[in-house]
Amino acid sequence: MDLDKKFYRIGDVAELLDLPQSTLRFWENNIPEVRPRRTQGGSRMYSPADIERLRIIKFLIKDKGLKVDAAREHLRKNRRAVEKTHEVIMRLQEVRRRLDSLLYALDYRPKTE
């Protein structure tokens, strides 16, 4: 997904990542990598880079099943490896979506036994 704005509000980010806003606030309090900018009124404003970090954190916590402390430590020790792994998985998921789309377009139905 292309992020074309400079900053996004917490509601937009929550919807984009399919997470509750409370989860984003919790991660902000417990994971140092999550530090959105604040407006003078106190609203959180997330940059595209912040959103990408949140995607990686979501991958570690939701997909890999790590606890917040373990995810934080994993990021601290292996940041580049985590980013690479996440990137590869995202690409594979996109390939899978495209293949599924092609199969649907061809009206393919697997054999049932």
# chains A, B, ... in the order shown; residues from 1 in each chain; ligands from 1
$ residues_around --residues "Leu54 (chain A)" --least-positions-apart "5" --cutoff "9 Å" --atoms "only C-alpha atoms" --output "PyMOL selection string"
chain A and resi 17+24+27+33-34+49+59
$ write_last_selection --atoms "all heavy atoms" --output "CSV table (one decimal), in the first residue's frame"
chain,number,residue,atom,x,y,z
A,17,LEU,N,-4.0,-0.8,9.7
A,17,LEU,CA,-3.3,-2.0,10.2
A,17,LEU,C,-4.3,-3.0,10.8
A,17,LEU,O,-3.9,-4.0,11.3
A,17,LEU,CB,-2.3,-1.6,11.3
A,17,LEU,CG,-1.2,-0.7,10.8
A,17,LEU,CD1,-0.3,-0.3,12.0
A,17,LEU,CD2,-0.4,-1.4,9.7
A,24,LEU,N,-2.4,0.4,19.6
A,24,LEU,CA,-1.4,1.4,19.2
A,24,LEU,C,-0.9,2.2,20.4
A,24,LEU,O,0.3,2.4,20.5
A,24,LEU,CB,-1.9,2.3,18.1
A,24,LEU,CG,-2.3,1.6,16.8
A,24,LEU,CD1,-2.9,2.6,15.8
A,24,LEU,CD2,-1.1,0.9,16.2
A,27,TRP,N,1.3,-0.1,22.6
A,27,TRP,CA,2.6,-0.3,22.0
A,27,TRP,C,3.5,1.0,22.2
A,27,TRP,O,4.6,0.9,22.4
A,27,TRP,CB,2.5,-0.7,20.6
A,27,TRP,CG,2.0,-2.1,20.3
A,27,TRP,CD1,1.8,-3.0,21.3
A,27,TRP,CD2,1.6,-2.7,19.1
A,27,TRP,NE1,1.3,-4.2,20.7
A,27,TRP,CE2,1.2,-4.0,19.4
A,27,TRP,CE3,1.6,-2.2,17.8
A,27,TRP,CZ2,0.8,-4.8,18.4
A,27,TRP,CZ3,1.2,-3.1,16.8
A,27,TRP,CH2,0.8,-4.4,17.1
A,33,GLU,N,10.4,2.0,19.9
A,33,GLU,CA,10.4,2.3,18.5
A,33,GLU,C,9.1,3.0,18.0
A,33,GLU,O,9.0,3.6,17.0
A,33,GLU,CB,10.6,1.0,17.6
A,33,GLU,CG,12.0,0.5,17.6
A,33,GLU,CD,12.3,-0.3,18.8
A,33,GLU,OE1,11.5,-0.5,19.7
A,33,GLU,OE2,13.5,-0.6,19.0
A,34,VAL,N,8.1,3.0,18.8
A,34,VAL,CA,6.8,3.6,18.5
A,34,VAL,C,6.7,4.9,19.2
A,34,VAL,O,6.4,5.0,20.4
A,34,VAL,CB,5.6,2.7,18.9
A,34,VAL,CG1,4.3,3.3,18.6
A,34,VAL,CG2,5.7,1.3,18.3
A,49,ALA,N,7.0,6.1,7.9
A,49,ALA,CA,8.1,5.3,8.6
A,49,ALA,C,7.5,4.7,9.9
A,49,ALA,O,7.8,3.5,10.2
A,49,ALA,CB,9.3,6.1,8.8
A,59,PHE,N,3.6,-7.8,13.0
A,59,PHE,CA,4.1,-9.1,12.5
A,59,PHE,C,4.7,-9.9,13.6
A,59,PHE,O,4.4,-11.1,13.8
A,59,PHE,CB,5.1,-8.9,11.4
A,59,PHE,CG,6.0,-10.1,11.1
A,59,PHE,CD1,5.4,-11.1,10.4
A,59,PHE,CD2,7.3,-10.1,11.4
A,59,PHE,CE1,6.2,-12.3,10.1
A,59,PHE,CE2,8.1,-11.2,11.1
A,59,PHE,CZ,7.5,-12.3,10.5
$ select_by_dssp --residues "region 14-62 of chain A" --states "alpha helix (DSSP H)" --output "short mmCIF file (atom, residue, chain, number, x, y, z; two decimals) with N, CA, C and O atoms, in the first residue's frame"
data_model
loop_
_atom_site.label_atom_id
_atom_site.label_comp_id
_atom_site.auth_asym_id
_atom_site.auth_seq_id
_atom_site.Cartn_x
_atom_site.Cartn_y
_atom_site.Cartn_z
N ALA A 14 -4.95 2.86 12.75
CA ALA A 14 -5.63 1.69 13.32
C ALA A 14 -6.42 0.95 12.25
O ALA A 14 -6.38 -0.27 12.16
N GLU A 15 -7.12 1.71 11.41
CA GLU A 15 -7.89 1.10 10.32
C GLU A 15 -6.97 0.46 9.29
O GLU A 15 -7.22 -0.66 8.83
N LEU A 16 -5.90 1.15 8.95
CA LEU A 16 -4.95 0.65 7.96
C LEU A 16 -4.32 -0.67 8.40
O LEU A 16 -4.16 -1.59 7.60
N LEU A 17 -3.99 -0.78 9.69
CA LEU A 17 -3.33 -1.97 10.21
C LEU A 17 -4.31 -2.99 10.79
O LEU A 17 -3.89 -4.04 11.26
N GLN A 21 -7.26 1.20 18.30
CA GLN A 21 -6.43 2.34 18.69
C GLN A 21 -5.76 2.10 20.03
O GLN A 21 -4.62 2.53 20.25
N SER A 22 -6.43 1.40 20.91
CA SER A 22 -5.86 1.12 22.24
C SER A 22 -4.59 0.29 22.12
O SER A 22 -3.65 0.46 22.91
N THR A 23 -4.52 -0.60 21.14
CA THR A 23 -3.31 -1.39 20.92
C THR A 23 -2.16 -0.49 20.50
O THR A 23 -1.04 -0.63 21.00
N LEU A 24 -2.43 0.45 19.61
CA LEU A 24 -1.38 1.38 19.19
C LEU A 24 -0.89 2.21 20.36
O LEU A 24 0.32 2.43 20.51
N ARG A 25 -1.80 2.68 21.22
CA ARG A 25 -1.40 3.46 22.40
C ARG A 25 -0.59 2.59 23.37
O ARG A 25 0.41 3.04 23.93
N PHE A 26 -1.00 1.33 23.54
CA PHE A 26 -0.27 0.42 24.42
C PHE A 26 1.14 0.21 23.90
O PHE A 26 2.11 0.26 24.67
N TRP A 27 1.28 -0.07 22.60
CA TRP A 27 2.61 -0.27 22.02
C TRP A 27 3.45 0.99 22.18
O TRP A 27 4.65 0.91 22.42
N GLU A 28 2.84 2.15 22.03
CA GLU A 28 3.58 3.41 22.18
C GLU A 28 4.18 3.51 23.59
O GLU A 28 5.31 3.98 23.76
N ASN A 29 3.43 3.05 24.59
CA ASN A 29 3.91 3.12 25.97
C ASN A 29 4.94 2.03 26.31
O ASN A 29 5.67 2.17 27.28
N ASN A 30 4.98 0.96 25.52
CA ASN A 30 5.81 -0.18 25.88
C ASN A 30 6.93 -0.53 24.90
O ASN A 30 7.75 -1.39 25.21
N PRO A 48 4.78 7.75 7.51
CA PRO A 48 4.85 6.45 6.83
C PRO A 48 5.90 5.53 7.46
O PRO A 48 5.69 4.32 7.55
N ALA A 49 7.03 6.09 7.91
CA ALA A 49 8.06 5.27 8.57
C ALA A 49 7.53 4.69 9.88
O ALA A 49 7.82 3.53 10.21
N ASP A 50 6.77 5.48 10.63
CA ASP A 50 6.15 4.98 11.87
C ASP A 50 5.21 3.82 11.56
O ASP A 50 5.19 2.82 12.27
N ILE A 51 4.44 3.96 10.49
CA ILE A 51 3.48 2.92 10.12
C ILE A 51 4.21 1.64 9.71
O ILE A 51 3.80 0.54 10.07
N GLU A 52 5.32 1.77 9.02
CA GLU A 52 6.09 0.59 8.64
C GLU A 52 6.65 -0.11 9.88
O GLU A 52 6.64 -1.33 9.97
N ARG A 53 7.12 0.67 10.86
CA ARG A 53 7.60 0.07 12.11
C ARG A 53 6.46 -0.66 12.82
O ARG A 53 6.65 -1.75 13.36
N LEU A 54 5.27 -0.06 12.80
CA LEU A 54 4.11 -0.70 13.42
C LEU A 54 3.74 -2.00 12.70
O LEU A 54 3.34 -2.97 13.34
N ARG A 55 3.88 -2.02 11.39
CA ARG A 55 3.62 -3.27 10.64
C ARG A 55 4.58 -4.37 11.09
O ARG A 55 4.19 -5.53 11.22
N ILE A 56 5.83 -4.01 11.30
CA ILE A 56 6.82 -5.00 11.74
C ILE A 56 6.49 -5.47 13.15
O ILE A 56 6.55 -6.67 13.45
N ILE A 57 6.10 -4.55 14.02
CA ILE A 57 5.73 -4.92 15.38
C ILE A 57 4.49 -5.82 15.37
O ILE A 57 4.43 -6.82 16.08
N LYS A 58 3.52 -5.47 14.53
CA LYS A 58 2.33 -6.31 14.41
C LYS A 58 2.71 -7.71 13.94
O LYS A 58 2.20 -8.71 14.44
#
$ residues_around --residues "Phe7 (chain A)" --least-positions-apart "4" --cutoff "7 Å" --atoms "only C-alpha atoms" --output "VMD selection string"
chain A and resid 45 to 48
$ atom_distance --atom1 "CA of Leu66 (chain A)" --atom2 "CA of Val95 (chain A)"
25.5 Å
$ closest_residue --among "A:Asp12, A:Asp100, A:Asp18, A:Asp69" --to "Arg44 (chain A)" --atoms "only C-alpha atoms"
A:Asp12
$ select_by_dssp --residues "chain A" --states "strand (DSSP E or B)" --output "number ranges by chain"
A: 8-9, 37-38, 44-46
$ closest_residue --among "A:Leu103, A:Lys5, A:Ala70, A:Leu60" --to "Glu83 (chain A)" --atoms "only C-alpha atoms"
A:Leu60
